[in-house]
Amino acid sequence: MKLDQKYSGNVFILSSEDYAASKAVIYGMPMDFTVSFRPGSRFGPPRIREVSVGLEEYSPYLDRSLEDIEYFDAGDLLLPFGNAARSLDIIGEFVRDVLKDGKMPVGLGGEHLVSWPIFQEVYAKYPDLAIIHFDAHADLREQYEGEPLSHSTPLRKAAGLIGGKNIYQFG
């Protein structure tokens, strides 16, 4: 017997078990290998799912419920601890497949560096990509303490890819 996981906190609230019918795919990126202050964001994806059961399911502004939206929770990607380069490859491959299937990827992080392969894959499919970035830090460094794959570099990398005029930063 399989129990209904929709309100378990183990999957995002009301997520579907039907990947094919889903319009969006939620996935976790449990990575915090390059953070310089307070590691622990690798525990973010399961905590986000856990607290999702407290979300309001109905929006009076849209007059819609989460039940009206078909989305699939794929779980967390298996990222090799400490290997940032391979982890970014795994994230990029997953996002590429989700986009190829015509679905919207919805990633749960994880440190800021996990956004870099997402920017690359979304830009490859949608070359008019614009990024809206809310953060206390700009993440515009070329490297941090000699490491180009760092939590402080993804927006600099994105600016090199899509152009700085397509990035809007607030914080």
# chains A, B, ... in the order shown; residues from 1 in each chain; ligands from 1
>>> residues_around(residues="Ala20 of chain A", least_positions_apart="5", cutoff="10 Å", atoms="only C-alpha atoms", output="list in words")
Glu70, Tyr71, Phe72, Asp101, Gly102 and Lys103 of chain A
>>> write_last_selection(atoms="N, CA, C and O atoms", output="short mmCIF file (atom, residue, chain, number, x, y, z; two decimals), in the first residue's frame")
data_model
loop_
_atom_site.label_atom_id
_atom_site.label_comp_id
_atom_site.auth_asym_id
_atom_site.auth_seq_id
_atom_site.Cartn_x
_atom_site.Cartn_y
_atom_site.Cartn_z
N GLU A 70 -0.92 21.49 -12.37
CA GLU A 70 -0.29 20.17 -12.38
C GLU A 70 1.23 20.34 -12.35
O GLU A 70 1.83 20.83 -13.30
N TYR A 71 1.86 19.97 -11.23
CA TYR A 71 3.32 20.02 -11.11
C TYR A 71 3.80 18.75 -10.42
O TYR A 71 3.11 18.15 -9.61
N PHE A 72 5.01 18.36 -10.77
CA PHE A 72 5.61 17.10 -10.34
C PHE A 72 6.82 17.40 -9.46
O PHE A 72 7.63 18.26 -9.80
N ASP A 101 11.45 18.37 -22.39
CA ASP A 101 10.11 17.80 -22.24
C ASP A 101 9.01 18.86 -22.25
O ASP A 101 7.84 18.54 -22.05
N GLY A 102 9.38 20.12 -22.44
CA GLY A 102 8.40 21.20 -22.52
C GLY A 102 7.85 21.62 -21.18
O GLY A 102 6.74 22.16 -21.10
N LYS A 103 8.62 21.41 -20.11
CA LYS A 103 8.15 21.73 -18.77
C LYS A 103 8.99 22.85 -18.15
O LYS A 103 10.12 23.08 -18.58
#
>>> residues_around(residues="Ser52 of chain A", least_positions_apart="3", cutoff="9 Å", atoms="only C-alpha atoms", output="MDAnalysis selection string")
chainID A and resid 7 9 11:13 47:49 55:56
>>> closest_residue(among="A:Met31, A:Val25, A:Leu88, A:Leu62", to="Phe43 of chain A", atoms="only C-alpha atoms")
A:Met31
>>> residues_around(residues="Glu142 of chain A", least_positions_apart="2", cutoff="10 Å", atoms="only C-alpha atoms", output="list of chain:residue names")
A:Asp139, A:Leu140, A:Tyr144, A:Gly146, A:Glu147, A:Pro148, A:Leu149, A:Ser150, A:Ser152, A:Thr153, A:Pro154, A:Leu155, A:Arg156, A:Lys157
>>> write_last_selection(atoms="all heavy atoms", output="mmCIF file, in the first residue's frame")
data_model
loop_
_atom_site.group_PDB
_atom_site.id
_atom_site.type_symbol
_atom_site.label_atom_id
_atom_site.label_comp_id
_atom_site.auth_asym_id
_atom_site.auth_seq_id
_atom_site.Cartn_x
_atom_site.Cartn_y
_atom_site.Cartn_z
ATOM 1 N N ASP A 139 26.857 38.927 -6.234
ATOM 2 C CA ASP A 139 27.385 37.679 -6.822
ATOM 3 C C ASP A 139 28.040 37.939 -8.179
ATOM 4 O O ASP A 139 27.885 37.161 -9.122
ATOM 5 C CB ASP A 139 26.296 36.609 -6.953
ATOM 6 C CG ASP A 139 25.766 36.141 -5.601
ATOM 7 O OD1 ASP A 139 26.422 36.393 -4.587
ATOM 8 O OD2 ASP A 139 24.703 35.515 -5.572
ATOM 9 N N LEU A 140 28.791 39.018 -8.252
ATOM 10 C CA LEU A 140 29.417 39.445 -9.516
ATOM 11 C C LEU A 140 30.938 39.244 -9.539
ATOM 12 O O LEU A 140 31.616 39.781 -10.402
ATOM 13 C CB LEU A 140 29.097 40.915 -9.791
ATOM 14 C CG LEU A 140 27.648 41.223 -10.140
ATOM 15 C CD1 LEU A 140 27.405 42.729 -10.174
ATOM 16 C CD2 LEU A 140 27.260 40.585 -11.453
ATOM 17 N N TYR A 144 36.315 33.710 -6.011
ATOM 18 C CA TYR A 144 36.358 34.017 -4.583
ATOM 19 C C TYR A 144 37.455 33.165 -3.970
ATOM 20 O O TYR A 144 37.410 31.938 -4.069
ATOM 21 C CB TYR A 144 35.012 33.730 -3.922
ATOM 22 C CG TYR A 144 34.968 34.118 -2.471
ATOM 23 C CD1 TYR A 144 34.859 35.456 -2.102
ATOM 24 C CD2 TYR A 144 35.049 33.157 -1.470
ATOM 25 C CE1 TYR A 144 34.834 35.821 -0.770
ATOM 26 C CE2 TYR A 144 35.012 33.516 -0.136
ATOM 27 C CZ TYR A 144 34.913 34.849 0.214
ATOM 28 O OH TYR A 144 34.887 35.220 1.527
ATOM 29 N N GLY A 146 40.321 32.638 -5.090
ATOM 30 C CA GLY A 146 40.961 31.852 -6.139
ATOM 31 C C GLY A 146 40.087 30.807 -6.797
ATOM 32 O O GLY A 146 40.531 30.106 -7.704
ATOM 33 N N GLU A 147 38.830 30.693 -6.398
ATOM 34 C CA GLU A 147 37.934 29.661 -6.925
ATOM 35 C C GLU A 147 36.871 30.280 -7.828
ATOM 36 O O GLU A 147 36.005 31.023 -7.361
ATOM 37 C CB GLU A 147 37.263 28.911 -5.770
ATOM 38 C CG GLU A 147 36.297 27.840 -6.200
ATOM 39 C CD GLU A 147 36.908 26.825 -7.149
ATOM 40 O OE1 GLU A 147 37.906 26.183 -6.789
ATOM 41 O OE2 GLU A 147 36.381 26.681 -8.273
ATOM 42 N N PRO A 148 36.920 29.986 -9.143
ATOM 43 C CA PRO A 148 35.907 30.541 -10.056
ATOM 44 C C PRO A 148 34.523 29.892 -9.901
ATOM 45 O O PRO A 148 33.526 30.495 -10.261
ATOM 46 C CB PRO A 148 36.484 30.278 -11.443
ATOM 47 C CG PRO A 148 37.452 29.165 -11.251
ATOM 48 C CD PRO A 148 37.959 29.250 -9.846
ATOM 49 N N LEU A 149 34.463 28.681 -9.377
ATOM 50 C CA LEU A 149 33.173 28.041 -9.093
ATOM 51 C C LEU A 149 32.847 28.320 -7.630
ATOM 52 O O LEU A 149 33.131 27.525 -6.735
ATOM 53 C CB LEU A 149 33.227 26.533 -9.359
ATOM 54 C CG LEU A 149 33.374 26.117 -10.810
ATOM 55 C CD1 LEU A 149 33.419 24.601 -10.934
ATOM 56 C CD2 LEU A 149 32.249 26.692 -11.661
ATOM 57 N N SER A 150 32.247 29.463 -7.397
ATOM 58 C CA SER A 150 31.963 29.938 -6.054
ATOM 59 C C SER A 150 30.556 30.506 -5.975
ATOM 60 O O SER A 150 30.008 30.978 -6.975
ATOM 61 C CB SER A 150 32.978 31.032 -5.687
ATOM 62 O OG SER A 150 32.567 31.737 -4.532
ATOM 63 N N SER A 152 29.788 33.211 -5.006
ATOM 64 C CA SER A 152 29.793 34.647 -5.285
ATOM 65 C C SER A 152 30.009 34.981 -6.764
ATOM 66 O O SER A 152 30.193 36.139 -7.112
ATOM 67 C CB SER A 152 30.885 35.323 -4.443
ATOM 68 O OG SER A 152 32.160 34.822 -4.795
ATOM 69 N N THR A 153 29.919 33.984 -7.654
ATOM 70 C CA THR A 153 30.217 34.207 -9.070
ATOM 71 C C THR A 153 29.075 33.994 -10.066
ATOM 72 O O THR A 153 29.244 34.345 -11.238
ATOM 73 C CB THR A 153 31.377 33.289 -9.512
ATOM 74 O OG1 THR A 153 30.966 31.912 -9.403
ATOM 75 C CG2 THR A 153 32.627 33.518 -8.684
ATOM 76 N N PRO A 154 27.924 33.439 -9.706
ATOM 77 C CA PRO A 154 26.974 33.062 -10.767
ATOM 78 C C PRO A 154 26.400 34.214 -11.580
ATOM 79 O O PRO A 154 26.160 34.056 -12.777
ATOM 80 C CB PRO A 154 25.874 32.304 -10.037
ATOM 81 C CG PRO A 154 25.978 32.702 -8.624
ATOM 82 C CD PRO A 154 27.431 33.013 -8.393
ATOM 83 N N LEU A 155 26.192 35.371 -10.982
ATOM 84 C CA LEU A 155 25.626 36.474 -11.763
ATOM 85 C C LEU A 155 26.668 37.091 -12.680
ATOM 86 O O LEU A 155 26.338 37.566 -13.767
ATOM 87 C CB LEU A 155 24.992 37.525 -10.849
ATOM 88 C CG LEU A 155 23.536 37.242 -10.468
ATOM 89 C CD1 LEU A 155 22.627 37.307 -11.664
ATOM 90 C CD2 LEU A 155 23.328 35.971 -9.705
ATOM 91 N N ARG A 156 27.933 37.047 -12.297
ATOM 92 C CA ARG A 156 28.999 37.500 -13.196
ATOM 93 C C ARG A 156 29.051 36.578 -14.410
ATOM 94 O O ARG A 156 29.176 37.029 -15.549
ATOM 95 C CB ARG A 156 30.338 37.498 -12.445
ATOM 96 C CG ARG A 156 31.558 37.828 -13.284
ATOM 97 C CD ARG A 156 31.496 39.293 -13.762
ATOM 98 N NE ARG A 156 32.738 39.734 -14.339
ATOM 99 C CZ ARG A 156 33.618 40.515 -13.741
ATOM 100 N NH1 ARG A 156 33.404 40.926 -12.502
ATOM 101 N NH2 ARG A 156 34.696 40.889 -14.353
ATOM 102 N N LYS A 157 28.962 35.286 -14.170
ATOM 103 C CA LYS A 157 28.962 34.318 -15.268
ATOM 104 C C LYS A 157 27.741 34.541 -16.165
ATOM 105 O O LYS A 157 27.846 34.512 -17.387
ATOM 106 C CB LYS A 157 28.964 32.895 -14.713
ATOM 107 C CG LYS A 157 30.233 32.506 -13.975
ATOM 108 C CD LYS A 157 30.099 31.101 -13.410
ATOM 109 C CE LYS A 157 31.270 30.683 -12.568
ATOM 110 N NZ LYS A 157 32.583 30.994 -13.083
#
